[in-house]
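Asks: Have a look at this one before I ask anything.
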Amino acid sequence: GVTQSPTHLIKTRGQQVTLRCSSQSGHNTVSWYQQALGQGPQFIFQYYREEENGRGNFPPRFSGLQFPNDSSELNVNALELDDSALYLCASSSGARTEAFFGQGTRLTVV
Amino acid sequence: GIQVEQSPPDLILQEGANSTLRCNFSDSVNNLQWFHQNPWGQLINLFYIPSGTKQNGRLSATTVATERYSLLYISSSQTTDSGVYFCAVYNNDMRFGAGTRLTVKP
């Protein structure tokens with residue numbers, strides 16, 4: 001399945017954070033989402049074969065990487081209090097096929 | 001961008017009751033998925049259903065793409081069905097509704 005690390009994280013405002021995701025075997029597309037408390041997940045960006053393949057309405061301080069083994073990172077610079085959320089990673093065998101989600105990383109910015 | 005609306009926002013049932021959750025979307029979509037989010041935050045896949053009807057045990061789903069809606073049916077509800085149910089549609093990117101929070105009381 002899709003695995004994410006770490007499961008929980010506490011950071012201070014202004015710091016930088018890296019979240020990691022390992023895709024399901026055979027999947028070449030990974031997407032990241034931010035879910036604030038009480039809301040539905042919001043699309044951050046998608047990577048396909050190591051290239052960004054779509055981006056939601058998030059500032060450039062949210063950046064990502066996808067590696068040849070289809071694992072992925074989400075990096076957030078200059079953390080703000082509003083970045084506190086559950087961050088979800090999803091993998092799929094294509095941009096428009098069924099997506100499978102990891103358990104999420106809960107980030108708290110203090 | 002595409003709008004996704006789910007109804008009702010909250011639903012409280014007695015164990016054994018049936019329910020219908022609705023998802024309306026504002027434009028044509030390439031795919032549609034239903035998820036159940038457990039208390040720990042993980043999204044559990046229920047159905048991948050761009051069109052037509054599927055059934056899995058006590059759950060079934062129908063998507064009428066031409067009329068831009070999907071329905072999730074839960075029959076003989078159990079306390080373990082409690083949680084938030086999300087509909088997500090894919091056009092240029094995956095958009096989620098705000099969810100339906102289901103509480104099943106024993």
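Going through the structure tokens in order, the chains are called A, B, and so on, while each chain numbers its residues from 1 and the ligands are numbered from 1 in the order shown.
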May I have a table of the residues of chain A lying at most 7 Å from chain B, giving each one's closest pair of atoms and their distance in Å to one decimal, counting only C-alpha atoms, ordered by chain and ascending residue number, as a tab-separated table?
Replies:
```
residue	atom	partner	partner_atom	distance
A:Gln39	CA	B:Ala98	CA	5.6
A:Gly40	CA	B:Ala98	CA	4.7
A:Pro41	CA	B:Phe96	CA	6.2
A:Phe43	CA	B:Met94	CA	6.6
A:Arg96	CA	B:Tyr90	CA	6.6
A:Glu98	CA	B:Tyr48	CA	6.2
A:Phe100	CA	B:Asn45	CA	7.0
A:Phe101	CA	B:Leu43	CA	6.0
A:Gly102	CA	B:Gln42	CA	6.5
A:Gln103	CA	B:Gln42	CA	4.4
A:Gly104	CA	B:Gln42	CA	6.5
```
Asks: So which bits of chain A end up strand (DSSP E) when you DSSP the backbone, as a PyMOL selection string?
Replies: chain A and resi 3-5+8-11+17-22+29-35+42-48+51-55+62-66+72-76+85-92+100-101+105-109
Asks: What does the structure give for the distance between CA of Arg22 (chain B) and CA of Glu67 (chain B), in Å to one decimal?
Replies: 12.6 Å
Asks: Distance CA of Tyr48 (chain A)-CA of Asn28 (chain A), one decimal place?
Replies: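 Computing the Euclidean distance for CA of Tyr48 (chain A) and CA of Asn28 (chain A) yields 6.0 Å.
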Asks: If I take CA of Ser63 (chain A) and CA of Thr105 (chain A), how far is one from the other in Å, to one decimal?
Replies: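 Calculated distance between CA of Ser63 (chain A) and CA of Thr105 (chain A) is 16.1 Å.
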Asks: Any idea what's packed within 8 Å of Tyr33 (chain A), counting only C-alpha atoms, ignoring anything in its chain fewer than 3 positions away? Could you give it as a list in words?
Replies: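 My list of contacting residues is Pro41, Gln42, Phe43, Ile44, Phe45, Tyr87, Leu88 and Cys89 of chain A.
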Asks: Keeping only N, CA, C and O atoms, take the residues you just selected and write them out as an mmCIF file, in the first residue's frame.
Replies:
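Below is the file part-v3.cif, written as the result:
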```cif
data_model
loop_
_atom_site.group_PDB
_atom_site.id
_atom_site.type_symbol
_atom_site.label_atom_id
_atom_site.label_comp_id
_atom_site.auth_asym_id
_atom_site.auth_seq_id
_atom_site.Cartn_x
_atom_site.Cartn_y
_atom_site.Cartn_z
ATOM 1 N N PRO A 41 -10.097 17.206 1.709
ATOM 2 C CA PRO A 41 -8.723 17.405 1.228
ATOM 3 C C PRO A 41 -8.671 18.370 0.054
ATOM 4 O O PRO A 41 -9.568 18.381 -0.795
ATOM 5 N N GLN A 42 -7.595 19.181 0.017
ATOM 6 C CA GLN A 42 -7.358 20.128 -1.069
ATOM 7 C C GLN A 42 -6.123 19.683 -1.850
ATOM 8 O O GLN A 42 -5.072 19.407 -1.250
ATOM 9 N N PHE A 43 -6.235 19.676 -3.171
ATOM 10 C CA PHE A 43 -5.147 19.236 -4.052
ATOM 11 C C PHE A 43 -3.990 20.223 -4.004
ATOM 12 O O PHE A 43 -4.185 21.429 -4.215
ATOM 13 N N ILE A 44 -2.776 19.698 -3.738
ATOM 14 C CA ILE A 44 -1.578 20.550 -3.749
ATOM 15 C C ILE A 44 -0.887 20.430 -5.108
ATOM 16 O O ILE A 44 -0.737 21.422 -5.817
ATOM 17 N N PHE A 45 -0.423 19.239 -5.436
ATOM 18 C CA PHE A 45 0.172 18.986 -6.759
ATOM 19 C C PHE A 45 0.245 17.495 -7.026
ATOM 20 O O PHE A 45 0.027 16.666 -6.137
ATOM 21 N N TYR A 87 -1.683 16.009 6.047
ATOM 22 C CA TYR A 87 -1.169 15.959 4.677
ATOM 23 C C TYR A 87 -1.268 14.516 4.180
ATOM 24 O O TYR A 87 -0.734 13.592 4.797
ATOM 25 N N LEU A 88 -1.940 14.366 3.053
ATOM 26 C CA LEU A 88 -2.228 13.056 2.495
ATOM 27 C C LEU A 88 -1.532 12.880 1.162
ATOM 28 O O LEU A 88 -1.494 13.794 0.333
ATOM 29 N N CYS A 89 -1.013 11.702 0.971
ATOM 30 C CA CYS A 89 -0.378 11.321 -0.282
ATOM 31 C C CYS A 89 -1.233 10.236 -0.922
ATOM 32 O O CYS A 89 -1.751 9.360 -0.214
#
```
Asks: Report as JSON, numbers by chain all protein, DNA and RNA residues lying within 8 Å of region 23-25 of chain A, evaluated on only C-alpha atoms, omitting residues in the same chain fewer than 3 positions from it.
Replies: {"A": [1, 2, 3, 28, 30, 70, 71, 72, 90, 91, 92, 100]}
Asks: Give me a file of those residues, with all heavy atoms, as a PDB file, in the first residue's frame.
Replies:
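Contents of out02.pdb, freshly written:
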```pdb
ATOM      1  N   GLY A   1       0.811  -1.194   0.000  1.00  0.00           N
ATOM      2  CA  GLY A   1       0.000   0.000   0.000  1.00  0.00           C
ATOM      3  C   GLY A   1       0.853   1.256   0.000  1.00  0.00           C
ATOM      4  O   GLY A   1       2.064   1.230  -0.174  1.00  0.00           O
ATOM      5  N   VAL A   2       0.214   2.396   0.235  1.00  0.00           N
ATOM      6  CA  VAL A   2       0.877   3.693   0.281  1.00  0.00           C
ATOM      7  C   VAL A   2       1.250   3.983   1.729  1.00  0.00           C
ATOM      8  O   VAL A   2       0.397   3.893   2.616  1.00  0.00           O
ATOM      9  CB  VAL A   2      -0.060   4.798  -0.256  1.00  0.00           C
ATOM     10  CG1 VAL A   2       0.646   6.147  -0.234  1.00  0.00           C
ATOM     11  CG2 VAL A   2      -0.536   4.453  -1.657  1.00  0.00           C
ATOM     12  N   THR A   3       2.512   4.323   1.951  1.00  0.00           N
ATOM     13  CA  THR A   3       2.955   4.610   3.309  1.00  0.00           C
ATOM     14  C   THR A   3       3.533   6.014   3.378  1.00  0.00           C
ATOM     15  O   THR A   3       4.209   6.468   2.437  1.00  0.00           O
ATOM     16  CB  THR A   3       3.998   3.593   3.792  1.00  0.00           C
ATOM     17  OG1 THR A   3       5.109   3.615   2.898  1.00  0.00           O
ATOM     18  CG2 THR A   3       3.416   2.199   3.829  1.00  0.00           C
ATOM     19  N   ASN A  28       2.867   4.998 -10.908  1.00  0.00           N
ATOM     20  CA  ASN A  28       3.839   5.988 -11.372  1.00  0.00           C
ATOM     21  C   ASN A  28       3.358   7.427 -11.163  1.00  0.00           C
ATOM     22  O   ASN A  28       3.998   8.371 -11.613  1.00  0.00           O
ATOM     23  CB  ASN A  28       4.156   5.764 -12.856  1.00  0.00           C
ATOM     24  CG  ASN A  28       2.910   5.778 -13.730  1.00  0.00           C
ATOM     25  OD1 ASN A  28       1.871   6.275 -13.324  1.00  0.00           O
ATOM     26  ND2 ASN A  28       3.009   5.213 -14.915  1.00  0.00           N
ATOM     27  N   VAL A  30       1.862  10.239  -8.280  1.00  0.00           N
ATOM     28  CA  VAL A  30       1.657  10.535  -6.868  1.00  0.00           C
ATOM     29  C   VAL A  30       1.085  11.940  -6.739  1.00  0.00           C
ATOM     30  O   VAL A  30       1.482  12.856  -7.463  1.00  0.00           O
ATOM     31  CB  VAL A  30       2.960  10.372  -6.062  1.00  0.00           C
ATOM     32  CG1 VAL A  30       4.009  11.362  -6.512  1.00  0.00           C
ATOM     33  CG2 VAL A  30       2.699  10.510  -4.575  1.00  0.00           C
ATOM     34  N   ASP A  70       9.534   5.929  -7.537  1.00  0.00           N
ATOM     35  CA  ASP A  70       8.161   6.399  -7.363  1.00  0.00           C
ATOM     36  C   ASP A  70       7.839   6.839  -5.945  1.00  0.00           C
ATOM     37  O   ASP A  70       6.674   7.080  -5.626  1.00  0.00           O
ATOM     38  CB  ASP A  70       7.139   5.367  -7.865  1.00  0.00           C
ATOM     39  CG  ASP A  70       7.215   5.174  -9.365  1.00  0.00           C
ATOM     40  OD1 ASP A  70       7.513   6.158 -10.073  1.00  0.00           O
ATOM     41  OD2 ASP A  70       7.003   4.044  -9.823  1.00  0.00           O
ATOM     42  N   SER A  71       8.843   6.958  -5.077  1.00  0.00           N
ATOM     43  CA  SER A  71       8.611   7.604  -3.791  1.00  0.00           C
ATOM     44  C   SER A  71       8.588   9.112  -4.023  1.00  0.00           C
ATOM     45  O   SER A  71       9.001   9.611  -5.073  1.00  0.00           O
ATOM     46  CB  SER A  71       9.676   7.211  -2.780  1.00  0.00           C
ATOM     47  OG  SER A  71      10.942   7.670  -3.206  1.00  0.00           O
ATOM     48  N   SER A  72       8.106   9.841  -3.036  1.00  0.00           N
ATOM     49  CA  SER A  72       7.891  11.270  -3.234  1.00  0.00           C
ATOM     50  C   SER A  72       8.112  12.030  -1.942  1.00  0.00           C
ATOM     51  O   SER A  72       8.033  11.452  -0.850  1.00  0.00           O
ATOM     52  CB  SER A  72       6.456  11.486  -3.733  1.00  0.00           C
ATOM     53  OG  SER A  72       6.141  12.858  -3.846  1.00  0.00           O
ATOM     54  N   ALA A  90      -1.376  10.291  -2.234  1.00  0.00           N
ATOM     55  CA  ALA A  90      -2.120   9.266  -2.960  1.00  0.00           C
ATOM     56  C   ALA A  90      -1.310   8.810  -4.156  1.00  0.00           C
ATOM     57  O   ALA A  90      -0.626   9.618  -4.803  1.00  0.00           O
ATOM     58  CB  ALA A  90      -3.462   9.814  -3.431  1.00  0.00           C
ATOM     59  N   SER A  91      -1.370   7.523  -4.468  1.00  0.00           N
ATOM     60  CA  SER A  91      -0.699   7.042  -5.670  1.00  0.00           C
ATOM     61  C   SER A  91      -1.722   6.373  -6.579  1.00  0.00           C
ATOM     62  O   SER A  91      -2.774   5.901  -6.129  1.00  0.00           O
ATOM     63  CB  SER A  91       0.445   6.089  -5.331  1.00  0.00           C
ATOM     64  OG  SER A  91      -0.021   4.810  -4.942  1.00  0.00           O
ATOM     65  N   SER A  92      -1.389   6.357  -7.869  1.00  0.00           N
ATOM     66  CA  SER A  92      -2.262   5.738  -8.857  1.00  0.00           C
ATOM     67  C   SER A  92      -1.415   5.304 -10.042  1.00  0.00           C
ATOM     68  O   SER A  92      -0.243   5.695 -10.173  1.00  0.00           O
ATOM     69  CB  SER A  92      -3.350   6.712  -9.309  1.00  0.00           C
ATOM     70  OG  SER A  92      -2.786   7.878  -9.876  1.00  0.00           O
ATOM     71  N   PHE A 100      -5.159   5.699  -4.409  1.00  0.00           N
ATOM     72  CA  PHE A 100      -5.092   5.043  -3.105  1.00  0.00           C
ATOM     73  C   PHE A 100      -4.265   5.922  -2.167  1.00  0.00           C
ATOM     74  O   PHE A 100      -3.171   6.362  -2.543  1.00  0.00           O
ATOM     75  CB  PHE A 100      -4.454   3.650  -3.243  1.00  0.00           C
ATOM     76  CG  PHE A 100      -5.272   2.702  -4.072  1.00  0.00           C
ATOM     77  CD1 PHE A 100      -5.145   2.686  -5.454  1.00  0.00           C
ATOM     78  CD2 PHE A 100      -6.185   1.851  -3.476  1.00  0.00           C
ATOM     79  CE1 PHE A 100      -5.914   1.828  -6.238  1.00  0.00           C
ATOM     80  CE2 PHE A 100      -6.953   0.987  -4.240  1.00  0.00           C
ATOM     81  CZ  PHE A 100      -6.820   0.982  -5.623  1.00  0.00           C
TER      82      PHE A 100
END
```
Asks: Considering only helix (DSSP H, G or I) as DSSP defines it on the backbone, what residues of chain B qualify? List them as a tab-separated table (two decimals) with C-alpha atoms, in the first residue's frame.
Replies:
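File written: states_33.tsv
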```tsv
chain	number	residue	atom	x	y	z
B	65	ALA	CA	-22.55	11.15	-15.17
B	66	THR	CA	-24.92	12.83	-17.64
B	67	GLU	CA	-26.87	14.33	-14.73
B	79	THR	CA	-21.62	1.46	14.42
B	80	THR	CA	-18.40	0.78	12.52
B	81	ASP	CA	-19.86	2.69	9.55
```
Asks: Quick one: residues within 8 Å of Thr100 (chain B), only C-alpha atoms, excluding same-chain residues fewer than 6 positions away - as a PDB file with N, CA, C and O atoms, in the first residue's frame?
Replies:
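Result file selection.pdb:
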```pdb
ATOM      1  N   GLN B   6     -21.756  17.821  -1.328  1.00  0.00           N
ATOM      2  CA  GLN B   6     -22.250  16.593  -0.711  1.00  0.00           C
ATOM      3  C   GLN B   6     -23.377  16.923   0.259  1.00  0.00           C
ATOM      4  O   GLN B   6     -23.360  17.949   0.953  1.00  0.00           O
ATOM      5  N   SER B   7     -24.343  16.026   0.291  1.00  0.00           N
ATOM      6  CA  SER B   7     -25.455  16.192   1.226  1.00  0.00           C
ATOM      7  C   SER B   7     -25.907  14.842   1.754  1.00  0.00           C
ATOM      8  O   SER B   7     -25.762  13.817   1.054  1.00  0.00           O
ATOM      9  N   PRO B   8     -26.448  14.800   2.994  1.00  0.00           N
ATOM     10  CA  PRO B   8     -26.452  15.915   3.941  1.00  0.00           C
ATOM     11  C   PRO B   8     -25.070  16.101   4.560  1.00  0.00           C
ATOM     12  O   PRO B   8     -24.233  15.209   4.455  1.00  0.00           O
ATOM     13  N   PRO B   9     -24.795  17.206   5.196  1.00  0.00           N
ATOM     14  CA  PRO B   9     -23.499  17.389   5.860  1.00  0.00           C
ATOM     15  C   PRO B   9     -23.353  16.493   7.094  1.00  0.00           C
ATOM     16  O   PRO B   9     -22.246  16.050   7.393  1.00  0.00           O
ATOM     17  N   ASP B  10     -24.438  16.244   7.766  1.00  0.00           N
ATOM     18  CA  ASP B  10     -24.423  15.391   8.952  1.00  0.00           C
ATOM     19  C   ASP B  10     -25.623  14.458   8.914  1.00  0.00           C
ATOM     20  O   ASP B  10     -26.706  14.850   8.477  1.00  0.00           O
ATOM     21  N   LEU B  11     -25.407  13.241   9.412  1.00  0.00           N
ATOM     22  CA  LEU B  11     -26.463  12.239   9.404  1.00  0.00           C
ATOM     23  C   LEU B  11     -26.304  11.365  10.640  1.00  0.00           C
ATOM     24  O   LEU B  11     -25.207  10.851  10.889  1.00  0.00           O
ATOM     25  N   LEU B  21     -26.364   8.856   0.661  1.00  0.00           N
ATOM     26  CA  LEU B  21     -25.536  10.057   0.631  1.00  0.00           C
ATOM     27  C   LEU B  21     -25.449  10.507  -0.827  1.00  0.00           C
ATOM     28  O   LEU B  21     -25.321   9.676  -1.740  1.00  0.00           O
ATOM     29  N   VAL B  84     -16.553   9.963   8.356  1.00  0.00           N
ATOM     30  CA  VAL B  84     -16.843  10.937   7.307  1.00  0.00           C
ATOM     31  C   VAL B  84     -16.697  10.280   5.945  1.00  0.00           C
ATOM     32  O   VAL B  84     -15.699   9.592   5.685  1.00  0.00           O
ATOM     33  N   TYR B  85     -17.688  10.481   5.103  1.00  0.00           N
ATOM     34  CA  TYR B  85     -17.695   9.939   3.754  1.00  0.00           C
ATOM     35  C   TYR B  85     -17.445  11.072   2.761  1.00  0.00           C
ATOM     36  O   TYR B  85     -18.123  12.095   2.795  1.00  0.00           O
ATOM     37  N   PHE B  86     -16.461  10.865   1.906  1.00  0.00           N
ATOM     38  CA  PHE B  86     -16.114  11.866   0.898  1.00  0.00           C
ATOM     39  C   PHE B  86     -16.368  11.325  -0.499  1.00  0.00           C
ATOM     40  O   PHE B  86     -16.084  10.160  -0.798  1.00  0.00           O
TER      41      PHE B  86
END
```
Asks: Got a sec: who's within 12 Å of Lys54 (chain B), counting only C-alpha atoms, leaving out chain neighbours fewer than 4 positions off, as a list of chain:residue names?
Replies: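 Here the qualifying residues turn out to be B:Gln33, B:Trp34, B:Leu46, B:Phe47, B:Tyr48, B:Ile49, B:Pro50, B:Arg58, B:Leu59, B:Ser60, B:Ala61, B:Thr62, B:Thr63, B:Ser70, B:Leu71, B:Leu72, B:Tyr73.
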Asks: What's around Leu81 (chain A) at 7 Å? Count only C-alpha atoms, leave out sequence neighbours fewer than 5 positions away in its own chain, and write the answer as a list in words.
Replies: Arg13, Val109 and Val110 of chain A
Asks: Find the residue from B:Ile2, B:Cys23, B:Val104, B:Gly83 that sits nearest to His36 (chain B); use only C-alpha atoms when measuring.
Replies: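 When distances to His36 (chain B) are compared using only C-alpha atoms, the smallest one comes from B:Gly83.
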